[in-house]
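**Student:** Have a look at this one.
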Amino acid sequence: MYWENELETLKRNDLEKLQFKRLKSTIQSAMNSPYYGNLYKQMGLSADSVRSVSDIQKLPFTTKQNLRENFPYGFLGLPTKELIRLHSTSGTTGNPTVIFHNRHDIDSWANLMARSLFCAGVRDTDVFQNICGYGLFTGGLGFQYGVERLGCLSIPAGAGNSPRQIKLMQDYGTTAIHAIPSYLNRLYEVFLEEGLDPRKDTKLHTFVIGAEPHTEGQRRRIEEMYGVKAYNSFGLTEMNGPGVAFECTCQNGLHIWEDAYLVEIINPETLEPITDGEVGELVLTTLDRQAMPLIRYRTRDLTRILPGTCACGRTHVRLDRITGRSDDMFIVKGCNIFPMQIEGVLMKVPEVGADYLITLKTIDGNDEMIIEVEVKKDWFNGDISRLDKLTKQLTALIRDEVLVKPIIRLVEPNSLPKPEGKAVRVKELRIALNS
Ligand SMILES: [Zn+2]
């Protein structure tokens, strides 16, 4: 029932022994890079400084800023002739984050992806359509190599062009899909426009969703719309991309592959470790990457380790769904708010449609939070009092959740901007009065 029986069900103390061995060799490889080599020498650190896995706390954190400042080759521990691929972020603000891989790294990543997909119930009999940008973005080739390793018939569909995506599904009998959740909401509208019902007119049964934070309510809606099971996937470019942590068919947290990643949860302010079960910032160390190992990388993602064991029998710990990134948080009228808190409220209201947009704006010198909410089509039939009632209901529900009274604007389905790629949830238009 597992992709790798022994590794996925390793006893905890054996897993820790394996982690320790891999941590030592990771430190050794990292010290071949200019960045870690200089830093560790200055601090008097080496692989011998670590006598147990928990000794990792003696080593300094690595941040996105460190990666940017040492762009592009400062973290590289191997000569460039041994590299076979790079992936990078778009780098819209400053230098992009680039990660280099040698043959071993690509092979290990493909295996982790195959293990992840198998864990979510995908099998070699599936027809897998990857609706995701190929190229430098990791979601394209990352999934592609994993799906091929697993042995599915893969459809490297790429992103966008919804009518074509639907045609591919129908022509080849697609059974499994990888896409971002906000895209699946849009795609559903296109199914309806074409007079099709994905529950009846496709063979879909499994979705893998990730790359953008979303709530449990959003997942259940997608499952309901398409008549499928949808599984959460987690990854980030700095840790290869997808395949870091994945839900099993129990749908109860994401197993993080601890033979490849060492997990810590820290308090982002004090940087002290947080005990199991509490939410903090996820910090990861690569344990099976040769070209560009990263040690104690601060992901900025907020999550917690779920206590207890999983019914599936895998021994690797489970992360709770990512509740947001520490840099996604915004402050209105002194209250700290995460977009996912608002989505959590909206997705519980059946009249609410697929999309929403939070705009922060200065009105008469005050910070205001305007939330445009798409509602389902049949609500715009001229019955103003019904819309008024829904507006009041949403205002009260959101105020109770985040302690700030929002300005709710109900809009028609598909009227909010739909960017290619990840959904934009918050627009900042406030005037900075003090700067
Ligand atoms: Zn499990």
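Residue numbering restarts at 1 for every chain of the structure tokens, chains are lettered A, B, ... in their displayed order, and ligands are numbered from 1 as they appear.
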Quick one: everything within 12 Å of A:Gly344, counting only C-alpha atoms, minus sequence neighbours fewer than 4 positions away in the same chain. Send it as a PyMOL selection string.

**Tutor:** chain A and resi 213-221+323+338-340+348-349+352+356+394+397-398+401-402

**Student:** Could I get the residue neighbourhood of ligand 1 at 8 Å, counting only C-alpha atoms and all ligand atoms, as a count of residues only?

**Tutor:** 17

**Student:** Running DSSP on the backbone, which parts of stretch 1-184 of chain A land in helix (DSSP H, G or I), as a PyMOL selection string?

**Tutor:** chain A and resi 5-8+12-30+34-43+47-49+53-58+64-69+80-82+103-119+138-150+162-172+181-184

**Student:** Please provide the set of residues having any atom within 12 Å of stretch 165-174 of chain A, restricted to only C-alpha atoms, with same-chain residues fewer than 5 positions apart removed, written as a VMD selection string.

**Tutor:** chain A and resid 125 to 132 152 to 160 179 183 to 184 186 to 198 200 to 207

**Student:** Residues of stretch 17-91 of chain A within 12 Å of stretch 4-11 of chain A: nearest atom pair and distance (Å, one decimal) for each, counting only C-alpha atoms, sorted by chain and number, as a tab-separated table?

**Tutor:**
```
residue	atom	partner	partner_atom	distance
A:Lys17	CA	A:Lys11	CA	10.0
A:Leu18	CA	A:Leu10	CA	9.7
A:Gln19	CA	A:Leu10	CA	11.6
```

**Student:** Pick out the closest residue to A:Ala114 from this set: A:Arg149, A:Lys81, A:Arg199, A:Lys58. Count only C-alpha atoms.

**Tutor:** A:Arg149

**Student:** What does the distance between atom CA of A:Tyr226 and atom CA of A:Pro350 come to in Å, to one decimal place?

**Tutor:**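 Those two atoms sit 16.2 Å apart.
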
**Student:** Between atom CA of A:Gly139 and atom CA of A:Gln341, what distance in Å does the model show, to one decimal?

**Tutor:** 26.0 Å

**Student:** Using only C-alpha atoms, which of A:Asp259, A:Glu82, A:Glu374, A:Glu281 sits nearest A:Arg325?

**Tutor:**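 Nearest candidate to A:Arg325 out of A:Asp259, A:Glu82, A:Glu374, A:Glu281: A:Glu281.
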
**Student:** Calculated over only C-alpha atoms, which of the candidates A:Arg296, A:Arg12, A:Lys229, A:Arg123 has the smallest distance to A:Leu59?

**Tutor:**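 Checking each of A:Arg296, A:Arg12, A:Lys229, A:Arg123 against A:Leu59, counting only C-alpha atoms, the winner is A:Arg296.
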
**Student:** Neighbouring residues of A:Ile222 were defined as those with any atom within 8 Å, considering only C-alpha atoms; residues of the same chain fewer than 5 positions away were excluded. Please report them as a list in words.

**Tutor:**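 Within the cut-off, the hits are Pro181, Leu184, Asn185, Val228 and Ala230 of chain A.
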
**Student:** Now that the selection is made, can you save its residues with N, CA and C atoms as a JSON list (two decimals), in the first residue's frame?

**Tutor:**
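File produced: again-v6.json:
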```json
[["chain", "number", "residue", "atom", "x", "y", "z"],
["A", 181, "PRO", "N", -6.25, 25.62, -6.52],
["A", 181, "PRO", "CA", -7.68, 25.63, -6.20],
["A", 181, "PRO", "C", -8.46, 26.76, -6.88],
["A", 184, "LEU", "N", -9.46, 25.81, -10.34],
["A", 184, "LEU", "CA", -10.53, 24.80, -10.45],
["A", 184, "LEU", "C", -11.91, 25.43, -10.30],
["A", 185, "ASN", "N", -11.99, 26.49, -9.49],
["A", 185, "ASN", "CA", -13.25, 27.23, -9.38],
["A", 185, "ASN", "C", -13.62, 27.88, -10.70],
["A", 228, "VAL", "N", -15.21, 14.53, -6.77],
["A", 228, "VAL", "CA", -13.89, 13.90, -6.68],
["A", 228, "VAL", "C", -13.40, 13.95, -5.23],
["A", 230, "ALA", "N", -10.21, 15.52, -3.24],
["A", 230, "ALA", "CA", -9.12, 16.48, -3.49],
["A", 230, "ALA", "C", -8.11, 16.42, -2.35]]
```

**Student:** Determine which residues of stretch 14-244 of chain A receive a DSSP assignment of strand (DSSP E or B), computed from the backbone, and state them as a PyMOL selection string.

**Tutor:** chain A and resi 62+83-88+98-102+127-130+153-155+176-179+206-210+229-236+241-244

**Student:** What's the 10 Å shell around stretch 41-57 of chain A, counting only C-alpha atoms, without same-chain residues fewer than 3 positions away, as a list in words?

**Tutor:** Glu16, Lys17, Leu18, Gln19, Phe20, Lys21, Arg22, Leu23, Lys24, Ser25, Thr26, Ile27, Gln28, Ser29, Ala30, Met31, Tyr36, Gly37, Asn38, Pro60, Phe61, Leu262, Glu264, Glu272, Pro273, Thr285, Ile295 and Arg296 of chain A

**Student:** Export, as a compact mmCIF listing (two decimals), in the first residue's frame, the selected residues with N, CA, C and O atoms.

**Tutor:**
```txt
# COMPACT_ATOMS: atom_id res chain seq x y z
N GLU A 16 15.14 8.64 12.86
CA GLU A 16 16.03 9.65 13.42
C GLU A 16 17.50 9.32 13.14
O GLU A 16 18.29 10.22 12.85
N LYS A 17 17.83 8.04 13.20
CA LYS A 17 19.22 7.63 12.87
C LYS A 17 19.55 8.00 11.43
O LYS A 17 20.64 8.49 11.14
N LEU A 18 18.60 7.72 10.54
CA LEU A 18 18.80 8.05 9.12
C LEU A 18 18.96 9.57 8.95
O LEU A 18 19.84 10.04 8.22
N GLN A 19 18.11 10.32 9.65
CA GLN A 19 18.19 11.79 9.56
C GLN A 19 19.55 12.30 10.04
O GLN A 19 20.14 13.19 9.43
N PHE A 20 20.03 11.71 11.13
CA PHE A 20 21.32 12.15 11.69
C PHE A 20 22.45 11.94 10.69
O PHE A 20 23.26 12.82 10.43
N LYS A 21 22.46 10.73 10.09
CA LYS A 21 23.49 10.41 9.10
C LYS A 21 23.43 11.39 7.92
O LYS A 21 24.45 11.94 7.49
N ARG A 22 22.21 11.63 7.46
CA ARG A 22 22.05 12.53 6.31
C ARG A 22 22.33 13.99 6.67
O ARG A 22 22.81 14.75 5.83
N LEU A 23 22.03 14.37 7.91
CA LEU A 23 22.31 15.74 8.33
C LEU A 23 23.80 16.01 8.31
O LEU A 23 24.26 17.06 7.82
N LYS A 24 24.58 15.05 8.82
CA LYS A 24 26.04 15.22 8.82
C LYS A 24 26.57 15.40 7.40
O LYS A 24 27.38 16.28 7.14
N SER A 25 26.11 14.55 6.49
CA SER A 25 26.65 14.67 5.13
C SER A 25 26.12 15.93 4.44
O SER A 25 26.81 16.52 3.60
N THR A 26 24.92 16.37 4.83
CA THR A 26 24.39 17.63 4.28
C THR A 26 25.27 18.81 4.72
O THR A 26 25.60 19.68 3.91
N ILE A 27 25.66 18.81 5.99
CA ILE A 27 26.52 19.90 6.47
C ILE A 27 27.85 19.89 5.72
O ILE A 27 28.35 20.94 5.29
N GLN A 28 28.40 18.68 5.53
CA GLN A 28 29.66 18.57 4.78
C GLN A 28 29.53 19.13 3.36
O GLN A 28 30.36 19.93 2.93
N SER A 29 28.45 18.73 2.66
CA SER A 29 28.27 19.25 1.28
C SER A 29 28.05 20.75 1.31
O SER A 29 28.56 21.48 0.45
N ALA A 30 27.24 21.22 2.28
CA ALA A 30 26.93 22.65 2.33
C ALA A 30 28.21 23.46 2.51
O ALA A 30 28.35 24.55 1.95
N MET A 31 29.16 22.93 3.28
CA MET A 31 30.38 23.67 3.55
C MET A 31 31.28 23.82 2.32
O MET A 31 32.23 24.61 2.33
N TYR A 36 27.94 28.88 3.06
CA TYR A 36 28.04 28.11 4.30
C TYR A 36 29.50 27.90 4.71
O TYR A 36 29.83 27.90 5.89
N GLY A 37 30.38 27.71 3.70
CA GLY A 37 31.81 27.50 4.01
C GLY A 37 32.35 28.65 4.85
O GLY A 37 32.91 28.44 5.93
N ASN A 38 32.14 29.90 4.37
CA ASN A 38 32.66 31.07 5.10
C ASN A 38 31.98 31.24 6.45
O ASN A 38 32.62 31.44 7.47
N PRO A 60 23.00 28.31 12.43
CA PRO A 60 22.20 29.51 12.15
C PRO A 60 21.09 29.23 11.13
O PRO A 60 21.18 28.29 10.35
N PHE A 61 20.05 30.06 11.14
CA PHE A 61 18.98 29.95 10.15
C PHE A 61 19.47 30.46 8.81
O PHE A 61 20.43 31.23 8.72
N LEU A 262 14.27 17.78 7.26
CA LEU A 262 14.23 17.86 8.71
C LEU A 262 13.32 19.02 9.09
O LEU A 262 13.51 20.14 8.62
N GLU A 264 11.38 21.68 11.62
CA GLU A 264 11.29 22.40 12.89
C GLU A 264 10.14 23.39 12.79
O GLU A 264 9.86 23.91 11.71
N GLU A 272 12.57 30.70 18.96
CA GLU A 272 12.69 29.50 19.81
C GLU A 272 11.81 28.39 19.26
O GLU A 272 10.77 28.65 18.64
N PRO A 273 12.23 27.11 19.46
CA PRO A 273 11.38 26.01 18.99
C PRO A 273 10.03 25.98 19.69
O PRO A 273 9.92 26.39 20.84
N THR A 285 15.24 21.75 6.62
CA THR A 285 16.61 21.45 6.19
C THR A 285 16.53 20.32 5.17
O THR A 285 15.87 19.32 5.41
N ILE A 295 20.16 24.69 4.94
CA ILE A 295 20.10 24.29 6.34
C ILE A 295 19.28 25.29 7.14
O ILE A 295 19.55 26.49 7.10
N ARG A 296 18.28 24.81 7.82
CA ARG A 296 17.38 25.63 8.67
C ARG A 296 16.79 26.80 7.88
O ARG A 296 16.87 27.95 8.28
```

**Student:** What lies within 8 Å of stretch 405-417 of chain A using only C-alpha atoms, ignoring chain neighbours under 4 positions off, as a ChimeraX atom specification?

**Tutor:** /A:186,353-357,368-377,380,387,391,394-396,398-399

**Student:** Please, could you write that set of residues out with C-alpha atoms as a PDB file, in the first residue's frame?

**Tutor:**
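Generated output (result-v9.pdb):
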```
ATOM      1  CA  ARG A 186     -12.876  29.118 -12.657  1.00  0.00           C
ATOM      2  CA  GLY A 353     -19.665  32.024  -5.305  1.00  0.00           C
ATOM      3  CA  ALA A 354     -16.148  31.049  -6.281  1.00  0.00           C
ATOM      4  CA  ASP A 355     -14.110  34.184  -5.757  1.00  0.00           C
ATOM      5  CA  TYR A 356     -13.504  37.165  -3.494  1.00  0.00           C
ATOM      6  CA  LEU A 357     -11.108  40.109  -3.254  1.00  0.00           C
ATOM      7  CA  GLU A 368     -11.226  50.341   5.577  1.00  0.00           C
ATOM      8  CA  MET A 369     -11.419  46.724   4.487  1.00  0.00           C
ATOM      9  CA  ILE A 370     -13.624  46.310   1.417  1.00  0.00           C
ATOM     10  CA  ILE A 371     -14.484  42.730   0.505  1.00  0.00           C
ATOM     11  CA  GLU A 372     -15.953  42.089  -2.924  1.00  0.00           C
ATOM     12  CA  VAL A 373     -17.709  38.736  -2.923  1.00  0.00           C
ATOM     13  CA  GLU A 374     -18.993  36.883  -5.966  1.00  0.00           C
ATOM     14  CA  VAL A 375     -22.427  35.405  -5.318  1.00  0.00           C
ATOM     15  CA  LYS A 376     -24.181  32.732  -7.321  1.00  0.00           C
ATOM     16  CA  LYS A 377     -25.894  33.763 -10.565  1.00  0.00           C
ATOM     17  CA  PHE A 380     -29.024  38.868  -9.254  1.00  0.00           C
ATOM     18  CA  LEU A 387     -29.004  40.897  -1.431  1.00  0.00           C
ATOM     19  CA  THR A 391     -24.648  41.685   2.833  1.00  0.00           C
ATOM     20  CA  LEU A 394     -21.588  38.447   5.755  1.00  0.00           C
ATOM     21  CA  THR A 395     -20.662  41.716   7.489  1.00  0.00           C
ATOM     22  CA  ALA A 396     -21.611  40.287  10.871  1.00  0.00           C
ATOM     23  CA  ILE A 398     -16.615  38.522   9.253  1.00  0.00           C
ATOM     24  CA  ARG A 399     -16.686  41.099  12.042  1.00  0.00           C
TER      25      ARG A 399
END
```

**Student:** Can you measure atom CA of A:Phe71 to atom CA of A:Glu238 for me? One decimal in Å is fine.

**Tutor:**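 If I compute the distance from atom CA of A:Phe71 to atom CA of A:Glu238, I get 13.1 Å.
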
**Student:** Please list as a list in words every residue within 8 Å of A:Thr299, counting only C-alpha atoms and excluding residues in the same chain fewer than 5 positions away.

**Tutor:**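 Those residues are Thr63, Glu281, Leu282, Val283 and Leu284 of chain A.
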